$ cat data.cif   # mmCIF, C-alpha atoms
data_run
loop_
_atom_site.label_atom_id
_atom_site.label_comp_id
_atom_site.auth_asym_id
_atom_site.auth_seq_id
_atom_site.Cartn_x
_atom_site.Cartn_y
_atom_site.Cartn_z
CA MET A 33 14.31 -0.48 -12.48
CA LYS A 34 11.00 -2.15 -13.23
CA PHE A 35 10.10 -5.35 -11.45
CA ALA A 36 7.33 -7.91 -11.67
CA THR A 37 5.98 -10.35 -9.17
CA VAL A 38 5.85 -14.02 -10.04
CA LEU A 39 4.02 -14.89 -6.83
CA SER A 40 1.05 -17.19 -6.86
CA THR A 41 -0.06 -16.75 -3.29
CA ALA A 42 -3.53 -17.92 -2.36
CA GLY A 43 -3.94 -15.55 0.58
CA LEU A 44 -2.62 -12.45 -1.18
CA LEU A 45 -3.23 -12.68 -4.89
CA SER A 46 -6.21 -14.96 -5.38
CA THR A 47 -8.88 -12.61 -4.08
CA ALA A 48 -12.31 -13.29 -5.53
CA VAL A 49 -13.83 -10.31 -7.27
CA LEU A 50 -17.43 -11.38 -6.73
CA ALA A 51 -17.68 -9.64 -3.36
CA HIS A 52 -16.24 -6.43 -4.76
CA PRO A 53 -13.55 -5.73 -7.34
CA GLY A 54 -10.93 -4.77 -4.80
CA GLY A 55 -10.66 -7.91 -2.71
CA HIS A 56 -12.17 -9.25 0.49
CA HIS A 57 -12.48 -7.53 3.83
CA VAL A 58 -10.15 -8.10 6.76
CA PRO A 59 -12.06 -9.62 9.71
CA ARG A 60 -13.03 -6.95 12.19
CA ALA A 61 -11.32 -8.81 15.04
CA GLU A 62 -8.01 -8.66 13.14
CA MET A 63 -8.39 -4.95 12.48
CA GLU A 64 -9.19 -4.34 16.14
CA ARG A 65 -6.10 -6.30 17.17
CA GLN A 66 -3.93 -4.18 14.91
CA ALA A 67 -5.65 -1.00 16.06
CA ALA A 68 -4.71 -1.93 19.63
CA LEU A 69 -1.08 -2.20 18.52
CA SER A 70 -1.38 1.18 16.87
CA LYS A 71 -2.80 2.80 19.99
CA ARG A 72 0.14 1.48 22.00
CA CYS A 73 2.52 3.16 19.55
CA ALA A 74 0.54 6.39 19.06
CA SER A 75 3.07 8.70 20.70
CA GLN A 76 5.95 7.24 18.69
CA ALA A 77 3.95 7.71 15.48
CA GLY A 78 3.37 11.35 16.39
CA LEU A 79 7.08 11.83 17.03
CA MET A 80 7.91 10.38 13.63
CA ASN A 81 5.53 12.82 11.97
CA GLU A 82 6.97 15.72 13.97
CA LYS A 83 10.55 14.75 13.17
CA ARG A 84 9.90 14.54 9.44
CA TYR A 85 7.98 17.80 9.43
CA THR A 86 10.68 19.64 11.35
CA ARG A 87 13.46 18.26 9.15
CA ARG A 88 11.65 19.36 6.01
CA MET A 89 10.98 22.84 7.35
CA LYS A 90 14.63 23.23 8.31
CA ALA A 91 15.64 22.33 4.79
CA LYS A 92 13.16 24.77 3.25
CA ARG A 93 13.64 27.81 5.44
CA SER A 94 16.75 29.94 5.29
CA LEU A 95 18.93 30.19 8.36
CA ASP A 96 19.87 33.54 9.84
CA ILE A 97 23.25 33.24 11.52
CA GLU A 98 24.35 35.58 14.24
CA GLU A 99 27.81 35.47 15.73
CA ARG A 100 27.96 35.64 19.51
CA SER A 101 30.60 38.11 20.60
CA ASP A 102 31.38 36.26 23.80
CA ALA A 103 32.12 32.99 22.02
CA GLY A 104 32.92 31.75 18.57
CA ASP A 105 29.72 29.77 18.39
CA ALA A 106 26.97 30.54 15.92
CA ILE A 107 23.31 30.91 16.84
CA TYR A 108 20.97 29.57 14.19
CA LYS A 109 17.69 31.44 14.05
CA MET A 110 15.33 29.39 11.94
CA ASN A 111 12.66 31.37 10.14
CA ILE A 112 10.13 28.57 10.51
CA ASP A 113 6.56 29.72 10.25
CA ALA A 114 4.52 26.61 10.97
CA PRO A 115 0.81 27.52 10.94
CA TYR A 116 -0.11 24.00 9.84
CA TYR A 117 1.86 22.18 12.50
CA ASP A 118 -1.23 21.36 14.53
CA VAL A 119 -2.54 19.03 11.82
CA LEU A 120 0.23 16.55 12.55
CA GLN A 121 -1.74 14.15 14.67
CA ASN A 122 -0.69 10.91 16.30
CA ASP A 123 -2.90 8.83 14.02
CA THR A 124 -1.25 5.81 12.47
CA CYS A 125 -2.40 4.08 9.33
CA VAL A 126 -2.44 0.44 10.35
CA LEU A 127 -1.94 -1.78 7.33
CA SER A 128 -2.84 -5.44 7.29
CA PRO A 129 -2.44 -8.30 4.80
CA ASP A 130 -5.52 -8.66 2.55
CA VAL A 131 -6.80 -5.09 2.91
CA THR A 132 -8.25 -4.21 -0.47
CA GLN A 133 -5.54 -4.19 -3.15
CA GLY A 134 -7.85 -3.09 -5.93
CA PRO A 135 -8.15 -4.56 -9.43
CA TYR A 136 -5.34 -2.43 -10.85
CA LEU A 137 -2.52 -4.15 -8.99
CA TRP A 138 0.13 -4.90 -11.62
CA ASN A 139 3.60 -5.38 -10.20
CA ARG A 140 5.15 -5.69 -13.63
CA ALA A 141 4.73 -1.93 -13.97
CA GLN A 142 6.30 -0.96 -10.63
CA ILE A 143 9.63 0.89 -10.88
CA LYS A 144 12.22 1.53 -8.17
CA ARG A 145 12.29 5.33 -8.07
CA GLN A 146 11.43 8.27 -5.82
CA ASP A 147 9.57 10.28 -8.45
CA MET A 148 6.76 8.35 -10.11
CA SER A 149 4.89 11.32 -11.57
CA GLU A 150 6.39 10.92 -15.07
CA ASP A 151 4.58 13.40 -17.35
CA GLN A 152 1.20 13.27 -15.63
CA PRO A 153 -0.53 16.64 -15.08
CA GLY A 154 -1.89 17.54 -11.68
CA VAL A 155 -1.05 19.15 -8.36
CA PRO A 156 2.40 17.98 -7.14
CA LEU A 157 2.23 15.62 -4.17
CA TRP A 158 5.10 14.54 -1.96
CA LEU A 159 4.24 11.56 0.25
CA ASP A 160 6.40 11.80 3.37
CA ILE A 161 6.12 8.35 4.89
CA GLY A 162 7.25 6.90 8.18
CA VAL A 163 7.18 3.13 8.65
CA LEU A 164 6.75 1.98 12.25
CA ASP A 165 7.21 -1.55 13.57
CA MET A 166 4.11 -2.04 15.70
CA ALA A 167 5.73 -4.91 17.59
CA THR A 168 8.42 -2.64 19.02
CA CYS A 169 7.07 0.89 18.37
CA GLU A 170 10.40 1.57 16.66
CA PRO A 171 11.07 2.85 13.12
CA LEU A 172 11.33 0.06 10.55
CA PRO A 173 14.36 0.53 8.26
CA ASN A 174 14.81 -1.01 4.82
CA ALA A 175 11.10 -1.73 4.31
CA LEU A 176 10.27 -1.68 0.61
CA VAL A 177 7.10 0.34 0.01
CA SER A 178 5.20 0.09 -3.28
CA PHE A 179 2.74 2.81 -4.35
CA TRP A 180 0.24 3.02 -7.20
CA HIS A 181 -2.77 5.21 -7.96
CA CYS A 182 -4.84 6.61 -10.82
CA ASN A 183 -4.14 9.85 -12.68
CA ALA A 184 -6.11 13.10 -12.57
CA THR A 185 -8.92 11.73 -14.72
CA GLY A 186 -9.16 8.28 -13.15
CA SER A 187 -6.96 6.04 -15.32
CA TYR A 188 -4.30 3.64 -14.04
CA SER A 189 -1.12 3.03 -15.98
CA SER A 190 -1.00 -0.40 -17.62
CA PHE A 191 -4.81 -0.27 -17.74
CA THR A 192 -5.41 2.86 -19.83
CA GLY A 193 -7.61 0.86 -22.20
CA LEU A 194 -10.20 0.42 -19.44
CA ASP A 195 -12.83 3.12 -18.92
CA PRO A 196 -12.41 4.71 -15.45
CA ASN A 197 -16.04 5.84 -15.60
CA GLN A 198 -17.30 2.26 -15.66
CA GLY A 199 -17.46 0.04 -12.61
CA PHE A 200 -14.91 -2.76 -12.71
CA LYS A 201 -17.51 -5.43 -12.00
CA ASP A 202 -19.57 -4.12 -14.91
CA TYR A 203 -16.51 -4.39 -17.12
CA LEU A 204 -15.92 -8.00 -16.05
CA HIS A 205 -19.54 -8.83 -16.72
CA GLU A 206 -19.47 -7.29 -20.19
CA ALA A 207 -16.21 -9.09 -20.99
CA ASN A 208 -17.67 -12.36 -19.64
CA ILE A 209 -14.73 -12.75 -17.26
CA ARG A 210 -15.72 -15.02 -14.37
CA ASN A 211 -12.41 -16.01 -12.78
CA PHE A 212 -10.55 -12.77 -12.20
CA THR A 213 -7.67 -12.90 -9.70
CA ILE A 214 -6.06 -9.69 -8.49
CA GLY A 215 -2.42 -9.42 -9.46
CA LYS A 216 -2.53 -12.68 -11.39
CA SER A 217 -5.19 -12.36 -14.09
CA ASP A 218 -3.70 -10.43 -16.98
CA LEU A 219 -6.09 -7.65 -17.98
CA HIS A 220 -3.47 -4.97 -18.56
CA THR A 221 -3.86 -3.09 -21.82
CA ASP A 222 -0.49 -1.39 -22.28
CA ASP A 223 3.01 -0.94 -20.90
CA THR A 224 2.65 2.52 -19.34
CA THR A 225 4.10 2.96 -15.85
CA PHE A 226 2.99 6.42 -14.67
CA LEU A 227 2.10 6.88 -11.00
CA ARG A 228 3.68 3.59 -9.91
CA GLY A 229 6.85 3.36 -7.86
CA ILE A 230 8.69 1.60 -5.05
CA TRP A 231 11.31 2.81 -2.59
CA PRO A 232 12.82 1.52 0.69
CA SER A 233 12.69 3.28 4.03
CA ASN A 234 15.99 4.65 5.33
CA ASP A 235 17.73 3.86 8.62
CA GLU A 236 15.17 6.04 10.43
CA GLY A 237 12.20 4.26 8.86
CA MET A 238 11.43 7.17 6.55
CA LEU A 239 10.98 7.59 2.82
CA GLU A 240 9.57 10.07 0.34
CA MET A 241 7.73 9.48 -2.92
CA LYS A 242 6.93 12.28 -5.35
CA THR A 243 3.79 11.97 -7.45
CA VAL A 244 0.72 14.04 -8.37
CA PHE A 245 -2.55 14.25 -6.47
CA PRO A 246 -4.82 11.42 -7.68
CA GLY A 247 -8.13 11.81 -9.41
CA PHE A 248 -11.08 9.46 -9.06
CA TYR A 249 -12.81 6.64 -10.89
CA ALA A 250 -16.16 4.89 -10.67
CA GLY A 251 -17.19 3.69 -7.24
CA ARG A 252 -14.21 4.85 -5.17
CA THR A 253 -13.07 7.85 -3.19
CA ILE A 254 -9.63 9.30 -3.96
CA HIS A 255 -6.84 7.07 -2.64
CA VAL A 256 -3.30 5.78 -3.04
CA HIS A 257 -2.47 2.09 -2.74
CA ALA A 258 0.51 1.05 -0.63
CA GLN A 259 2.11 -2.36 -0.15
CA ILE A 260 5.09 -3.09 2.11
CA TYR A 261 7.71 -5.84 1.82
CA THR A 262 10.45 -6.82 4.27
CA ASP A 263 13.52 -9.06 4.04
CA TRP A 264 14.01 -8.15 0.41
CA THR A 265 17.26 -8.38 -1.55
CA LEU A 266 18.18 -6.80 -4.86
CA HIS A 267 20.50 -9.13 -6.77
CA ASP A 268 23.02 -8.23 -9.47
CA ASN A 269 21.22 -10.40 -12.02
CA GLY A 270 18.10 -8.25 -11.88
CA THR A 271 15.96 -10.22 -9.44
CA LEU A 272 14.45 -8.80 -6.31
CA GLN A 273 13.62 -11.37 -3.65
CA SER A 274 11.29 -10.83 -0.74
CA GLY A 275 10.42 -13.26 2.02
CA HIS A 276 7.50 -11.33 3.44
CA VAL A 277 4.58 -9.26 2.23
CA VAL A 278 3.92 -7.37 5.43
CA SER A 279 1.04 -5.07 4.62
CA THR A 280 -1.37 -3.93 1.95
CA GLY A 281 -3.49 -0.85 2.42
CA GLN A 282 -4.73 2.46 1.09
CA LEU A 283 -4.04 6.09 1.95
CA TYR A 284 -6.76 8.74 1.77
CA PHE A 285 -6.98 12.54 1.84
CA PRO A 286 -9.07 15.08 3.79
CA GLU A 287 -12.30 16.02 2.03
CA ASN A 288 -11.65 19.76 2.31
CA VAL A 289 -8.33 19.33 0.48
CA THR A 290 -9.93 17.19 -2.21
CA LYS A 291 -12.78 19.66 -2.79
CA THR A 292 -10.30 22.48 -3.33
CA LEU A 293 -8.06 20.56 -5.73
CA MET A 294 -10.95 19.10 -7.74
CA LYS A 295 -11.80 22.65 -8.86
CA LEU A 296 -8.50 22.83 -10.76
CA GLU A 297 -7.55 21.48 -14.15
CA PRO A 298 -7.22 18.72 -15.16
CA TYR A 299 -9.37 17.36 -12.33
CA LYS A 300 -12.39 19.51 -13.03
CA SER A 301 -12.53 18.28 -16.62
CA HIS A 302 -13.55 14.85 -15.30
CA THR A 303 -17.29 15.39 -15.42
CA GLU A 304 -18.58 12.06 -16.76
CA ILE A 305 -19.28 10.66 -13.28
CA GLU A 306 -19.81 11.99 -9.76
CA ARG A 307 -16.93 11.74 -7.32
CA VAL A 308 -17.40 9.38 -4.38
CA THR A 309 -16.57 11.11 -1.08
CA ASN A 310 -14.76 9.58 1.88
CA GLU A 311 -18.03 9.25 3.75
CA GLU A 312 -19.66 7.45 0.84
CA ASP A 313 -16.77 5.07 0.17
CA HIS A 314 -17.28 1.57 1.59
CA HIS A 315 -13.58 0.62 1.78
CA ILE A 316 -12.18 3.48 3.85
CA GLY A 317 -13.83 2.01 6.94
CA GLU A 318 -11.45 -0.96 6.72
CA GLY A 319 -8.73 1.31 8.09
CA ARG A 320 -10.86 3.17 10.62
CA VAL A 321 -11.27 0.50 13.27
CA GLY A 322 -10.23 1.40 16.81
CA GLY A 323 -10.23 5.16 16.23
CA TYR A 324 -7.26 5.27 13.85
CA ASP A 325 -7.46 6.86 10.48
CA PRO A 326 -5.67 6.19 7.15
CA VAL A 327 -6.21 9.81 6.08
CA VAL A 328 -2.98 11.61 5.21
CA ASN A 329 -2.14 14.83 7.05
CA VAL A 330 -1.66 17.52 4.41
CA VAL A 331 0.28 20.80 4.44
CA PRO A 332 0.98 23.20 1.54
CA ALA A 333 4.40 22.56 0.03
CA ASP A 334 5.06 26.32 -0.10
CA GLY A 335 3.56 26.91 3.35
CA GLU A 336 0.70 28.92 1.88
CA ASN A 337 -1.41 27.42 -0.89
CA ILE A 338 -2.25 23.76 -1.43
CA GLU A 339 -3.05 24.50 -5.07
CA ASN A 340 0.70 24.90 -5.68
CA GLY A 341 1.54 21.48 -4.29
CA ILE A 342 1.08 19.53 -1.10
CA ILE A 343 3.07 17.37 1.30
CA GLY A 344 1.25 14.43 2.82
CA TYR A 345 2.52 13.07 6.15
CA ILE A 346 1.52 9.70 7.53
CA THR A 347 3.14 7.02 9.66
CA MET A 348 2.21 3.55 8.49
CA GLY A 349 2.16 0.95 11.23
CA VAL A 350 3.35 -2.54 10.28
CA ASP A 351 2.69 -5.63 12.38
CA THR A 352 5.95 -7.53 11.85
CA THR A 353 4.83 -10.29 14.21
CA ASP A 354 2.17 -11.35 11.73
CA ASN A 355 4.14 -11.41 8.47
CA TYR A 356 2.70 -13.40 5.63
CA LYS A 357 5.43 -15.82 4.57
CA GLU A 358 5.40 -16.64 0.88
CA PRO A 359 5.38 -20.35 -0.06
CA GLU A 360 8.79 -21.85 -0.78
CA GLY A 361 9.93 -21.03 -4.29
CA ASP A 362 7.30 -18.32 -4.85
CA ASP A 363 9.06 -15.41 -3.21
CA GLN A 364 10.90 -13.87 -6.15
CA PHE A 365 10.39 -10.75 -8.21
CA TRP A 366 12.17 -9.67 -11.34
CA PHE A 367 12.56 -6.21 -12.74
CA LYS A 368 13.29 -4.86 -16.20
CA LYS A 369 16.19 -2.48 -16.56
#
$ encode --input "data.cif" --output "structure tokens"
Amino acid sequence: MKFATVLSTAGLLSTAVLAHPGGHHVPRAEMERQAALSKRCASQAGLMNEKRYTRRMKAKRSLDIEERSDAGDAIYKMNIDAPYYDVLQNDTCVLSPDVTQGPYLWNRAQIKRQDMSEDQPGVPLWLDIGVLDMATCEPLPNALVSFWHCNATGSYSSFTGLDPNQGFKDYLHEANIRNFTIGKSDLHTDDTTFLRGIWPSNDEGMLEMKTVFPGFYAGRTIHVHAQIYTDWTLHDNGTLQSGHVVSTGQLYFPENVTKTLMKLEPYKSHTEIERVTNEEDHHIGEGRVGGYDPVVNVVPADGENIENGIIGYITMGVDTTDNYKEPEGDDQFWFKK
């Protein structure tokens, strides 16, 4: 189910591109306030990561069952070898309204699905997400999370006609576009939908999205965009209504993981430009205020080799006390079946 936003929200969608093509910066005081919320909920975030990791390992590993002779009960010996368990930190990715959305936001291409990889080549990536209500430090159920990112060679679906090796501001200058508005100005070049998807969190505040590891494009480190909605309703007539856009943010990956995967095809064929690292990227700092980090914790999907696929764990903290309420009449989405 594909849906498109018809919002015209000044605070969310009318971000001037003159400062940078991805939107304006959140005031540092606001980020520090949200970081303080995150610190208060750090232990709960760690527990969410641990719970999801343990559940996945139980599902993957076979169970050896021994019958106890003195009772009819069964003892379950789980063959869980967890050498990467120590990477599951308590860090929480704190998302805030107006964190950079990027110029490739195009809600008309988002599809409600749990596998958004389509036919894109690359290393399989499962994003194992926990959504935490920072107001209560409790899991946030039924939060609709939207993801989008570029493919292995830097292109975004719906914008494949744009050169990923050219800076977006340079493109706007060449095209003589002076009034670009993220999510509202129509610069899309096609109807492709790869590497875009939305899915709600379950009763435990958890969800999974399957995709492929992103590549890179001019001026940015490797990242995945994420946007969260609450109070949404899917109607029989094909409209999806949401009263709140809670958070917009970006997820990043450890440099050592990226360096390893960039040596593989099709990533290594992208040689036209140099890759921007996390340390060089000027947007990643937006999520690093107060000691918290939007970098995903990564483990090999097979428990051995990240080149065969990876699972990325992160708990995204949402400040539900500071929801952005859409103007009356502008809070509807529609999707194409």
$ closest_residue --input "data.cif" --among "A:Ala207, A:Leu239, A:Val244, A:Leu219" --to "Tyr345 of chain A" --atoms "only C-alpha atoms"
A:Leu239
$ closest_residue --input "data.cif" --among "A:Glu304, A:Glu297, A:Asp235, A:Glu287" --to "Ala184 of chain A" --atoms "all atoms listed in the file"
A:Glu297
$ resolve_selection --input "data.cif" --expression "the PyMOL selection byres ((chain A and resi 231) around 7)" --output "PDB file with C-alpha atoms, keeping the file's coordinate frame"
ATOM      1  CA  LYS A 144      12.220   1.530  -8.170  1.00  0.00           C
ATOM      2  CA  ARG A 145      12.290   5.330  -8.070  1.00  0.00           C
ATOM      3  CA  GLN A 146      11.430   8.270  -5.820  1.00  0.00           C
ATOM      4  CA  LEU A 176      10.270  -1.680   0.610  1.00  0.00           C
ATOM      5  CA  VAL A 177       7.100   0.340   0.010  1.00  0.00           C
ATOM      6  CA  SER A 178       5.200   0.090  -3.280  1.00  0.00           C
ATOM      7  CA  GLY A 229       6.850   3.360  -7.860  1.00  0.00           C
ATOM      8  CA  ILE A 230       8.690   1.600  -5.050  1.00  0.00           C
ATOM      9  CA  PRO A 232      12.820   1.520   0.690  1.00  0.00           C
ATOM     10  CA  SER A 233      12.690   3.280   4.030  1.00  0.00           C
TER      11      SER A 233
END
$ atom_distance --input "data.cif" --atom1 "atom CA of Arg307 of chain A" --atom2 "atom CA of Thr185 of chain A"
10.9 Å
$ residues_near_point --input "data.cif" --point "(-7.4, -1.4, -12.5)" --cutoff "12 Å" --atoms "all atoms listed in the file" --output "short mmCIF file (atom, residue, chain, number, x, y, z; two decimals) with C-alpha atoms, in the coordinates of the input"
data_model
loop_
_atom_site.label_atom_id
_atom_site.label_comp_id
_atom_site.auth_asym_id
_atom_site.auth_seq_id
_atom_site.Cartn_x
_atom_site.Cartn_y
_atom_site.Cartn_z
CA PRO A 53 -13.55 -5.73 -7.34
CA GLY A 54 -10.93 -4.77 -4.80
CA GLN A 133 -5.54 -4.19 -3.15
CA GLY A 134 -7.85 -3.09 -5.93
CA PRO A 135 -8.15 -4.56 -9.43
CA TYR A 136 -5.34 -2.43 -10.85
CA LEU A 137 -2.52 -4.15 -8.99
CA TRP A 138 0.13 -4.90 -11.62
CA ASN A 139 3.60 -5.38 -10.20
CA TRP A 180 0.24 3.02 -7.20
CA HIS A 181 -2.77 5.21 -7.96
CA CYS A 182 -4.84 6.61 -10.82
CA ASN A 183 -4.14 9.85 -12.68
CA GLY A 186 -9.16 8.28 -13.15
CA SER A 187 -6.96 6.04 -15.32
CA TYR A 188 -4.30 3.64 -14.04
CA SER A 189 -1.12 3.03 -15.98
CA SER A 190 -1.00 -0.40 -17.62
CA PHE A 191 -4.81 -0.27 -17.74
CA THR A 192 -5.41 2.86 -19.83
CA GLY A 193 -7.61 0.86 -22.20
CA LEU A 194 -10.20 0.42 -19.44
CA ASP A 195 -12.83 3.12 -18.92
CA PRO A 196 -12.41 4.71 -15.45
CA ASN A 197 -16.04 5.84 -15.60
CA GLN A 198 -17.30 2.26 -15.66
CA GLY A 199 -17.46 0.04 -12.61
CA PHE A 200 -14.91 -2.76 -12.71
CA LYS A 201 -17.51 -5.43 -12.00
CA TYR A 203 -16.51 -4.39 -17.12
CA LEU A 204 -15.92 -8.00 -16.05
CA PHE A 212 -10.55 -12.77 -12.20
CA THR A 213 -7.67 -12.90 -9.70
CA ILE A 214 -6.06 -9.69 -8.49
CA GLY A 215 -2.42 -9.42 -9.46
CA SER A 217 -5.19 -12.36 -14.09
CA ASP A 218 -3.70 -10.43 -16.98
CA LEU A 219 -6.09 -7.65 -17.98
CA HIS A 220 -3.47 -4.97 -18.56
CA THR A 221 -3.86 -3.09 -21.82
CA ASP A 222 -0.49 -1.39 -22.28
CA PHE A 248 -11.08 9.46 -9.06
CA TYR A 249 -12.81 6.64 -10.89
CA ALA A 250 -16.16 4.89 -10.67
CA ARG A 252 -14.21 4.85 -5.17
CA HIS A 257 -2.47 2.09 -2.74
#
$ atom_distance --input "data.cif" --atom1 "atom CA of Arg88 of chain A" --atom2 "atom CA of Phe245 of chain A"
19.6 Å
